[in-house]
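Visitor: Provided herewith: upload.txt, compact mmCIF, C-alpha atoms and all ligand atoms.
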# COMPACT_ATOMS: atom_id res chain seq x y z
CA MET A 1 -4.70 -14.68 -23.00
CA PRO A 2 -2.12 -12.06 -21.99
CA THR A 3 0.16 -13.25 -19.22
CA VAL A 4 2.23 -10.72 -17.30
CA LEU A 5 5.12 -11.08 -14.87
CA GLY A 6 5.14 -8.34 -12.22
CA LEU A 7 8.10 -7.30 -10.07
CA GLU A 8 7.75 -5.26 -6.89
CA GLY A 9 10.39 -3.87 -4.55
CA SER A 10 9.64 -0.30 -3.54
CA ALA A 11 10.34 -0.83 0.18
CA ASN A 12 11.40 -3.78 2.38
CA LYS A 13 9.28 -6.37 0.51
CA VAL A 14 10.40 -7.78 -2.81
CA GLY A 15 8.17 -9.95 -4.96
CA ALA A 16 7.48 -11.57 -8.30
CA GLY A 17 4.03 -12.65 -9.44
CA VAL A 18 2.32 -13.88 -12.58
CA VAL A 19 -1.19 -12.83 -13.62
CA ARG A 20 -3.21 -14.11 -16.59
CA ASP A 21 -6.53 -12.44 -17.45
CA GLY A 22 -7.72 -11.81 -13.91
CA ALA A 23 -6.23 -14.99 -12.44
CA VAL A 24 -3.27 -14.82 -10.04
CA LEU A 25 -1.06 -17.75 -11.09
CA SER A 26 1.71 -17.09 -8.56
CA ASN A 27 2.82 -14.53 -6.01
CA CYS A 28 6.26 -15.08 -4.43
CA ARG A 29 7.66 -12.68 -1.88
CA ALA A 30 10.59 -12.07 0.46
CA THR A 31 11.08 -9.48 3.20
CA TYR A 32 14.24 -7.68 4.23
CA VAL A 33 14.08 -8.24 7.99
CA THR A 34 15.87 -5.99 10.46
CA PRO A 35 16.01 -6.34 14.28
CA PRO A 36 13.24 -4.69 16.38
CA GLY A 37 13.97 -1.06 17.01
CA GLN A 38 15.68 -0.61 13.65
CA GLY A 39 14.25 0.58 10.39
CA PHE A 40 15.49 -0.37 6.92
CA ALA A 41 17.87 1.86 4.99
CA PRO A 42 17.72 2.09 1.17
CA GLY A 43 21.24 0.72 0.49
CA PRO A 44 21.07 -2.58 2.41
CA THR A 45 17.44 -3.06 1.32
CA GLY A 46 18.46 -2.74 -2.33
CA ARG A 47 21.31 -5.22 -1.81
CA HIS A 48 18.89 -7.69 -0.21
CA HIS A 49 16.49 -7.41 -3.16
CA ARG A 50 19.33 -7.85 -5.64
CA ALA A 51 20.34 -11.08 -3.93
CA VAL A 52 16.87 -12.65 -3.92
CA LEU A 53 14.91 -11.26 -6.89
CA LEU A 54 16.04 -13.70 -9.59
CA GLY A 55 15.23 -16.62 -7.29
CA LEU A 56 11.75 -15.18 -6.77
CA VAL A 57 11.26 -14.77 -10.54
CA ARG A 58 12.21 -18.41 -11.07
CA ALA A 59 9.86 -19.52 -8.29
CA ALA A 60 7.00 -17.39 -9.65
CA LEU A 61 7.35 -18.82 -13.17
CA ARG A 62 7.61 -22.38 -11.83
CA GLU A 63 4.59 -22.00 -9.55
CA ALA A 64 2.57 -20.42 -12.38
CA GLY A 65 3.60 -23.22 -14.71
CA VAL A 66 4.75 -20.79 -17.40
CA GLU A 67 7.95 -20.39 -19.40
CA PRO A 68 9.37 -17.01 -20.40
CA ARG A 69 8.00 -17.61 -23.92
CA ASP A 70 4.44 -17.78 -22.48
CA LEU A 71 4.74 -14.23 -21.12
CA ASP A 72 3.37 -11.15 -22.90
CA GLY A 73 4.95 -8.43 -20.76
CA VAL A 74 7.19 -7.60 -17.82
CA ALA A 75 5.72 -5.13 -15.33
CA PHE A 76 7.72 -3.44 -12.59
CA THR A 77 7.23 -0.76 -9.95
CA LYS A 78 8.38 2.59 -11.31
CA GLY A 79 7.64 4.31 -7.96
CA PRO A 80 6.98 5.82 -5.55
CA GLY A 81 9.34 4.19 -3.09
CA MET A 82 12.95 4.03 -1.94
CA GLY A 83 15.58 4.74 -4.59
CA SER A 84 17.96 1.83 -4.26
CA PRO A 85 15.35 -0.98 -4.03
CA LEU A 86 13.37 0.54 -6.93
CA ALA A 87 16.53 0.80 -9.08
CA VAL A 88 17.38 -2.87 -8.47
CA VAL A 89 13.93 -4.07 -9.48
CA ALA A 90 13.80 -1.80 -12.55
CA ALA A 91 17.20 -3.05 -13.72
CA VAL A 92 16.04 -6.67 -13.47
CA ALA A 93 12.77 -5.86 -15.29
CA ARG A 94 14.59 -4.05 -18.13
CA THR A 95 17.07 -6.91 -18.49
CA LEU A 96 14.40 -9.63 -18.57
CA ALA A 97 12.20 -7.67 -21.01
CA GLN A 98 15.11 -7.23 -23.42
CA LEU A 99 16.35 -10.77 -22.97
CA TRP A 100 12.92 -12.24 -23.67
CA GLY A 101 11.86 -9.60 -26.25
CA LEU A 102 8.83 -8.50 -24.21
CA PRO A 103 7.17 -5.12 -23.69
CA LEU A 104 8.06 -3.31 -20.49
CA LEU A 105 5.24 -1.95 -18.30
CA ALA A 106 6.18 0.69 -15.71
CA VAL A 107 3.56 0.61 -12.97
CA ASN A 108 2.71 3.19 -10.34
CA HIS A 109 2.88 1.32 -7.02
CA CYS A 110 -0.33 2.93 -5.68
CA VAL A 111 -2.23 1.92 -8.83
CA GLY A 112 -0.93 -1.64 -8.35
CA HIS A 113 -2.55 -1.77 -4.90
CA ILE A 114 -5.82 -0.38 -6.24
CA GLU A 115 -6.00 -2.63 -9.32
CA MET A 116 -5.42 -5.69 -7.14
CA GLY A 117 -8.19 -4.57 -4.79
CA ARG A 118 -10.53 -4.06 -7.74
CA LEU A 119 -9.66 -7.47 -9.15
CA LEU A 120 -10.36 -9.30 -5.89
CA GLY A 121 -13.26 -7.25 -4.53
CA PRO A 122 -16.86 -6.73 -5.56
CA ALA A 123 -16.50 -3.04 -6.44
CA PRO A 124 -15.46 -1.98 -9.95
CA ASP A 125 -15.33 1.72 -9.14
CA PRO A 126 -14.77 2.31 -5.44
CA LEU A 127 -13.45 5.18 -3.37
CA VAL A 128 -10.00 4.03 -2.21
CA LEU A 129 -8.22 4.51 1.10
CA TYR A 130 -4.58 3.56 0.55
CA VAL A 131 -2.68 3.28 3.84
CA SER A 132 0.86 1.92 4.15
CA GLY A 133 4.33 2.66 5.50
CA GLY A 134 4.99 5.07 2.64
CA ASN A 135 1.56 6.32 1.58
CA THR A 136 -1.68 7.67 2.99
CA GLN A 137 -4.13 8.73 0.30
CA VAL A 138 -7.84 8.95 -0.44
CA ILE A 139 -8.24 8.25 -4.15
CA ALA A 140 -11.12 8.21 -6.62
CA TYR A 141 -11.23 7.36 -10.32
CA SER A 142 -12.59 9.93 -12.71
CA ARG A 143 -12.10 10.73 -16.40
CA ARG A 144 -9.55 7.96 -17.02
CA ARG A 145 -7.32 8.91 -14.14
CA TYR A 146 -7.01 8.13 -10.46
CA ARG A 147 -7.36 11.44 -8.62
CA ILE A 148 -5.92 11.97 -5.15
CA LEU A 149 -8.66 13.72 -3.20
CA GLY A 150 -6.79 13.82 0.08
CA GLU A 151 -3.48 12.66 1.48
CA THR A 152 -1.05 13.03 4.35
CA LEU A 153 0.74 16.35 4.34
CA ASP A 154 3.85 14.73 5.82
CA VAL A 155 4.53 11.17 7.07
CA ALA A 156 2.39 8.15 6.20
CA VAL A 157 0.21 6.53 8.85
CA GLY A 158 2.14 3.25 8.59
CA ASN A 159 5.40 5.10 9.09
CA CYS A 160 3.97 6.68 12.24
CA ILE A 161 3.02 3.21 13.58
CA ASP A 162 6.45 1.80 12.62
CA ARG A 163 8.18 4.67 14.43
CA LEU A 164 6.22 3.98 17.64
CA ALA A 165 7.23 0.30 17.34
CA ARG A 166 10.85 1.41 17.03
CA LEU A 167 10.47 3.68 20.07
CA LEU A 168 9.04 0.77 22.09
CA GLN A 169 11.65 -1.63 20.64
CA ILE A 170 9.00 -4.07 19.42
CA PRO A 171 8.78 -5.77 16.03
CA ASN A 172 6.12 -4.46 13.70
CA ALA A 173 5.55 -7.14 11.09
CA PRO A 174 1.97 -7.07 9.81
CA SER A 175 -0.75 -8.79 11.83
CA PRO A 176 -0.99 -11.37 13.35
CA GLY A 177 2.29 -10.90 15.19
CA TYR A 178 3.66 -9.20 18.24
CA ASN A 179 3.19 -5.67 17.03
CA VAL A 180 1.48 -2.35 17.67
CA GLU A 181 -1.91 -3.73 16.64
CA GLN A 182 -1.71 -6.66 19.08
CA LEU A 183 -0.46 -4.48 21.97
CA ALA A 184 -3.18 -1.90 21.29
CA LYS A 185 -5.86 -4.49 22.09
CA ARG A 186 -4.70 -4.47 25.71
CA GLY A 187 -4.50 -0.67 25.98
CA ARG A 188 -6.80 0.80 28.64
CA ARG A 189 -5.98 4.51 28.78
CA LEU A 190 -6.51 6.95 25.90
CA ILE A 191 -3.70 9.49 26.00
CA PRO A 192 -4.65 12.77 24.30
CA LEU A 193 -2.64 13.14 21.07
CA PRO A 194 -2.65 15.84 18.35
CA TYR A 195 -5.52 15.25 15.91
CA VAL A 196 -4.83 17.10 12.64
CA VAL A 197 -7.33 17.03 9.77
CA LYS A 198 -7.42 19.72 7.10
CA GLY A 199 -10.33 19.17 4.73
CA LEU A 200 -9.52 15.87 3.04
CA ASP A 201 -5.88 15.92 4.14
CA VAL A 202 -4.32 14.59 7.33
CA SER A 203 -1.04 15.30 9.11
CA PHE A 204 0.76 12.84 11.36
CA SER A 205 4.12 14.58 11.96
CA GLY A 206 2.90 16.55 15.01
CA LEU A 207 1.35 13.43 16.48
CA LEU A 208 4.60 11.54 15.93
CA SER A 209 6.87 14.20 17.48
CA HIS A 210 4.49 14.48 20.42
CA LEU A 211 4.61 10.71 20.93
CA GLN A 212 8.40 10.71 20.71
CA ALA A 213 8.59 13.52 23.28
CA VAL A 214 6.17 12.09 25.87
CA THR A 215 6.76 8.32 25.57
CA PRO A 216 9.89 8.00 27.77
CA LYS A 217 8.34 10.22 30.47
CA LEU A 218 4.98 8.41 30.47
CA LEU A 219 6.62 4.98 30.63
CA ASP A 220 9.14 5.94 33.35
CA SER A 221 6.48 7.49 35.58
CA GLY A 222 4.15 4.54 35.06
CA GLU A 223 1.42 6.91 33.81
CA ALA A 224 1.04 4.84 30.67
CA THR A 225 1.99 1.38 29.46
CA PRO A 226 3.31 0.52 25.98
CA GLU A 227 -0.17 -0.97 25.37
CA ASP A 228 -1.82 2.39 26.20
CA LEU A 229 0.49 4.20 23.76
CA CYS A 230 -0.26 1.76 20.92
CA PHE A 231 -3.98 1.99 21.67
CA SER A 232 -3.93 5.81 21.76
CA LEU A 233 -1.99 6.10 18.52
CA GLN A 234 -4.34 3.75 16.67
CA GLU A 235 -7.53 5.35 18.00
CA THR A 236 -6.35 8.87 17.12
CA ALA A 237 -4.76 8.18 13.73
CA PHE A 238 -7.56 5.88 12.55
CA ALA A 239 -10.24 8.36 13.65
CA MET A 240 -8.51 10.97 11.45
CA LEU A 241 -8.57 8.54 8.52
CA ALA A 242 -12.23 7.69 9.11
CA GLU A 243 -13.11 11.39 9.15
CA VAL A 244 -11.46 12.25 5.82
CA THR A 245 -12.73 9.07 4.21
CA GLU A 246 -16.28 9.82 5.30
CA ARG A 247 -15.98 13.31 3.82
CA ALA A 248 -14.70 11.83 0.53
CA LEU A 249 -17.57 9.30 0.46
CA ALA A 250 -20.03 12.17 0.84
CA LEU A 251 -18.31 14.10 -1.96
CA THR A 252 -18.07 11.26 -4.47
CA ARG A 253 -21.28 9.48 -3.39
CA ALA A 254 -19.32 6.26 -3.87
CA ARG A 255 -21.10 3.16 -2.57
CA HIS A 256 -17.95 1.11 -1.95
CA LEU A 257 -14.80 1.89 0.03
CA LEU A 258 -11.78 -0.15 -0.99
CA LEU A 259 -9.10 -0.43 1.69
CA VAL A 260 -5.58 -1.20 0.40
CA GLY A 261 -1.94 -1.05 1.57
CA GLY A 262 -0.08 -2.71 4.45
CA VAL A 263 -2.07 -0.90 7.18
CA ALA A 264 -5.29 -2.20 5.55
CA CYS A 265 -4.56 -5.51 7.37
CA ASN A 266 -5.21 -3.75 10.71
CA HIS A 267 -8.47 -5.07 12.13
CA ARG A 268 -9.12 -2.05 14.34
CA LEU A 269 -8.90 0.24 11.28
CA GLN A 270 -11.25 -2.08 9.39
CA GLU A 271 -13.68 -2.04 12.33
CA MET A 272 -13.75 1.77 12.57
CA LEU A 273 -14.22 2.18 8.82
CA GLN A 274 -16.91 -0.51 8.86
CA THR A 275 -18.89 1.46 11.46
CA MET A 276 -18.55 4.65 9.41
CA CYS A 277 -19.50 2.92 6.14
CA ARG A 278 -22.56 1.27 7.69
CA ALA A 279 -23.81 4.62 8.96
CA ARG A 280 -23.53 5.98 5.40
CA GLY A 281 -25.03 2.97 3.63
CA ALA A 282 -21.69 2.21 1.95
CA GLU A 283 -19.86 -1.11 1.83
CA LEU A 284 -16.30 -1.58 3.10
CA CYS A 285 -14.16 -3.81 0.86
CA PRO A 286 -10.94 -4.73 2.69
CA THR A 287 -8.24 -6.37 0.55
CA ASP A 288 -7.32 -9.99 1.18
CA ASP A 289 -4.42 -10.08 3.70
CA ARG A 290 -2.14 -11.81 1.17
CA TYR A 291 -2.45 -8.89 -1.21
CA CYS A 292 -2.56 -5.90 1.20
CA ILE A 293 1.16 -6.16 1.70
CA ASP A 294 3.37 -5.17 -1.26
CA ASN A 295 3.55 -8.01 -3.77
CA GLY A 296 4.46 -8.83 -7.36
CA ALA A 297 1.00 -9.99 -8.45
CA MET A 298 -0.50 -6.54 -7.93
CA ILE A 299 2.14 -5.02 -10.20
CA ALA A 300 1.44 -7.75 -12.77
CA GLN A 301 -2.29 -6.99 -12.60
CA ALA A 302 -1.82 -3.23 -13.15
CA GLY A 303 0.65 -4.06 -15.95
CA TRP A 304 -1.92 -6.38 -17.50
CA GLN A 305 -4.41 -3.49 -17.56
CA MET A 306 -1.81 -1.29 -19.23
CA LEU A 307 -0.91 -3.93 -21.81
CA ARG A 308 -4.59 -4.44 -22.64
CA VAL A 309 -4.86 -0.81 -23.85
CA GLY A 310 -1.37 -0.58 -25.35
CA GLN A 311 0.13 1.59 -22.60
CA VAL A 312 3.63 0.16 -23.00
CA THR A 313 6.77 1.79 -21.56
CA GLU A 314 9.72 2.65 -23.83
CA LEU A 315 13.12 1.66 -22.47
CA SER A 316 14.14 5.34 -22.44
CA GLN A 317 11.12 6.11 -20.21
CA SER A 318 11.69 3.26 -17.78
CA GLY A 319 13.51 5.26 -15.11
CA ILE A 320 12.34 5.09 -11.52
CA THR A 321 10.75 7.84 -9.49
CA GLN A 322 10.86 8.03 -5.71
CA ARG A 323 8.01 10.52 -5.34
CA SER A 324 4.35 9.87 -6.08
CA GLY A 325 4.49 12.66 -8.66
CA GLY A 326 1.52 14.95 -8.30
CA THR A 327 -2.15 14.28 -7.93
CA VAL A 328 -2.84 12.21 -11.03
CA LEU A 329 -2.07 8.51 -11.31
CA GLN A 330 -2.20 7.09 -14.79
CA VAL A 331 -3.42 3.65 -15.61
CA GLY A 332 -4.64 1.96 -18.73
CA ARG A 333 -8.23 1.46 -17.77
CA GLY A 334 -11.33 2.05 -19.84
CA GLY A 335 -13.63 5.03 -19.65
CA GLU A 336 -15.48 4.24 -16.43
CA ARG A 337 -16.46 7.21 -14.37
CA LEU A 338 -17.62 7.87 -10.88
CA PRO A 339 -21.36 8.31 -10.49
CA SER A 340 -20.77 11.93 -9.59
CA ASP A 341 -18.73 14.44 -11.51
CA LEU A 342 -15.75 15.31 -9.37
MG MG B 401 2.62 -0.39 -0.81
Represent the structure from my file as structure tokens, please.

Guide:
Amino acid sequence: MPTVLGLEGSANKVGAGVVRDGAVLSNCRATYVTPPGQGFAPGPTGRHHRAVLLGLVRAALREAGVEPRDLDGVAFTKGPGMGSPLAVVAAVARTLAQLWGLPLLAVNHCVGHIEMGRLLGPAPDPLVLYVSGGNTQVIAYSRRRYRILGETLDVAVGNCIDRLARLLQIPNAPSPGYNVEQLAKRGRRLIPLPYVVKGLDVSFSGLLSHLQAVTPKLLDSGEATPEDLCFSLQETAFAMLAEVTERALALTRARHLLLVGGVACNHRLQEMLQTMCRARGAELCPTDDRYCIDNGAMIAQAGWQMLRVGQVTELSQSGITQRSGGTVLQVGRGGERLPSDL
């Protein structure tokens, strides 16, 4: 019964979780919180993670009821993400693996989200829409690799939403809180915003600069409320995502759409994708709210998959990478294929 400890810390969340053969034994997490209107910079975020990570590891082991000697591997996020937080987590993972004489498993963060969604949901081989503060990708599995079919050409959709929150000086913790999603529910006026879809790719940078340019003017003149701006951003950005996802569903003929990443918690996005999926005879599989947001258990689960097929990381190869690194995401899964040949 392989048991894996997973460490995550690619952005402002830091977590440690333990997974044993498809069962999540623990999932402890902390968030680096900054005041509304401010983002989080890599340096201070890394220092926050460094201060709390060992405490989270202890809590995760205690909650799981396991000792270090019960573990079979230490998984950590190799990337993509912010440099300083990633480096902190990788250093802790390397140290623990050497201290406890365990194999090291370097996990791609995106694959962690997907593997957790597959573990919890009904679909073994879904089309994936991965939407978060750092990533926006449409992904399908084929010939032992995850293939990115479409992605943002610039900023991620979650980053775009965060930047509007910063502009409006409101907090943007995931739902249910006082955030863009909650304000959007009370929006009445749809402000025309740039809608940029290129095949299976999307672009949000034009939309974002447009919002930044018009927001002060619209608010000052009373032409729009903060609620209208949140509503308009969500309707436009999510329609773009629904369009590319529908195209990818048609291409892959996938019957399930797995929704993962922090923005996957957004109920309006879920609703729009649900409508699209129903029209196509596909099933939407949103991830459980506890696991949408970055967490250690998802890294443990992807690491468990890697360990199962002997995809272990040498110490010399355990460096971090801030970029997603091309269009192929490796993971130690079996030989499943999509129904269609991509
Ligand atoms: Mg993430």

Visitor: Can you pull out the residues contacting Gly319 of chain A? Cut-off 10 Å, using all atoms listed in the file, and skip same-chain residues under 2 positions away; I want them as a ChimeraX atom specification.

Guide: /A:78-79,86-87,90-91,94,106,313-317,321

Visitor: Identify which of the residues A:Ile148, A:Leu167, A:Leu129, A:Val33 lies closest to Thr287 of chain A, counting only C-alpha atoms when measuring atom-to-atom distances.

Guide: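 With only C-alpha atoms as the atom set, the closest residue is A:Leu129.
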
Visitor: Choose the residue, out of A:Thr275, A:Thr136, A:Asn12, A:Gln234, that has the smallest atom-to-atom separation from Val155 of chain A; count all atoms listed in the file.

Guide: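 Looking only at the distances to Val155 of chain A, the closest residue turns out to be A:Thr136.
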
Visitor: One number please: atom CA of Gly281 of chain A to atom CA of Pro124 of chain A, in Å, one decimal.

Guide: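 Taking atom CA of Gly281 of chain A and atom CA of Pro124 of chain A, their separation equals 17.3 Å.
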
Visitor: Around ligand MG 401 (chain B), out to 8 Å and counting all atoms listed in the file, which residues are there? I want them as a compact mmCIF listing (two decimals) with C-alpha atoms, in the frame of the given file.

Guide:
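The file below, part.txt, is the result:
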# COMPACT_ATOMS: atom_id res chain seq x y z
CA SER A 10 9.64 -0.30 -3.54
CA ALA A 11 10.34 -0.83 0.18
CA HIS A 109 2.88 1.32 -7.02
CA CYS A 110 -0.33 2.93 -5.68
CA HIS A 113 -2.55 -1.77 -4.90
CA VAL A 131 -2.68 3.28 3.84
CA SER A 132 0.86 1.92 4.15
CA GLY A 133 4.33 2.66 5.50
CA GLY A 134 4.99 5.07 2.64
CA ASN A 135 1.56 6.32 1.58
CA GLY A 261 -1.94 -1.05 1.57
CA GLY A 262 -0.08 -2.71 4.45
CA CYS A 292 -2.56 -5.90 1.20
CA ILE A 293 1.16 -6.16 1.70
CA ASP A 294 3.37 -5.17 -1.26

Visitor: Between A:Arg163, A:Arg118, A:Arg20, A:Lys13, which residue has the minimum interatomic distance to Cys285 of chain A, considering all atoms listed in the file?

Guide: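 Checking each of A:Arg163, A:Arg118, A:Arg20, A:Lys13 against Cys285 of chain A, counting all atoms listed in the file, the winner is A:Arg118.
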
Visitor: Using only C-alpha atoms, which of the listed residues (A:Ala156, A:Gly222, A:Gln212, A:Asn266) sits closest to Asn179 of chain A?

Guide: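 Ranking A:Ala156, A:Gly222, A:Gln212, A:Asn266 by distance to Asn179 of chain A, first place goes to A:Asn266.
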
Visitor: Go through A:Arg323, A:Lys185, A:Arg280, A:Arg308 and flag the residue nearest Arg268 of chain A, using only C-alpha atoms for the distances.

Guide: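 The answer is A:Lys185, which sits nearest to Arg268 of chain A.
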
Visitor: Can you work out which one of A:Met306, A:Met116, A:Leu168, A:Met240 has the shortest atom-to-atom distance to Val196 of chain A, counting only C-alpha atoms?

Guide: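 Of all the options, A:Met240 lies closest to Val196 of chain A.
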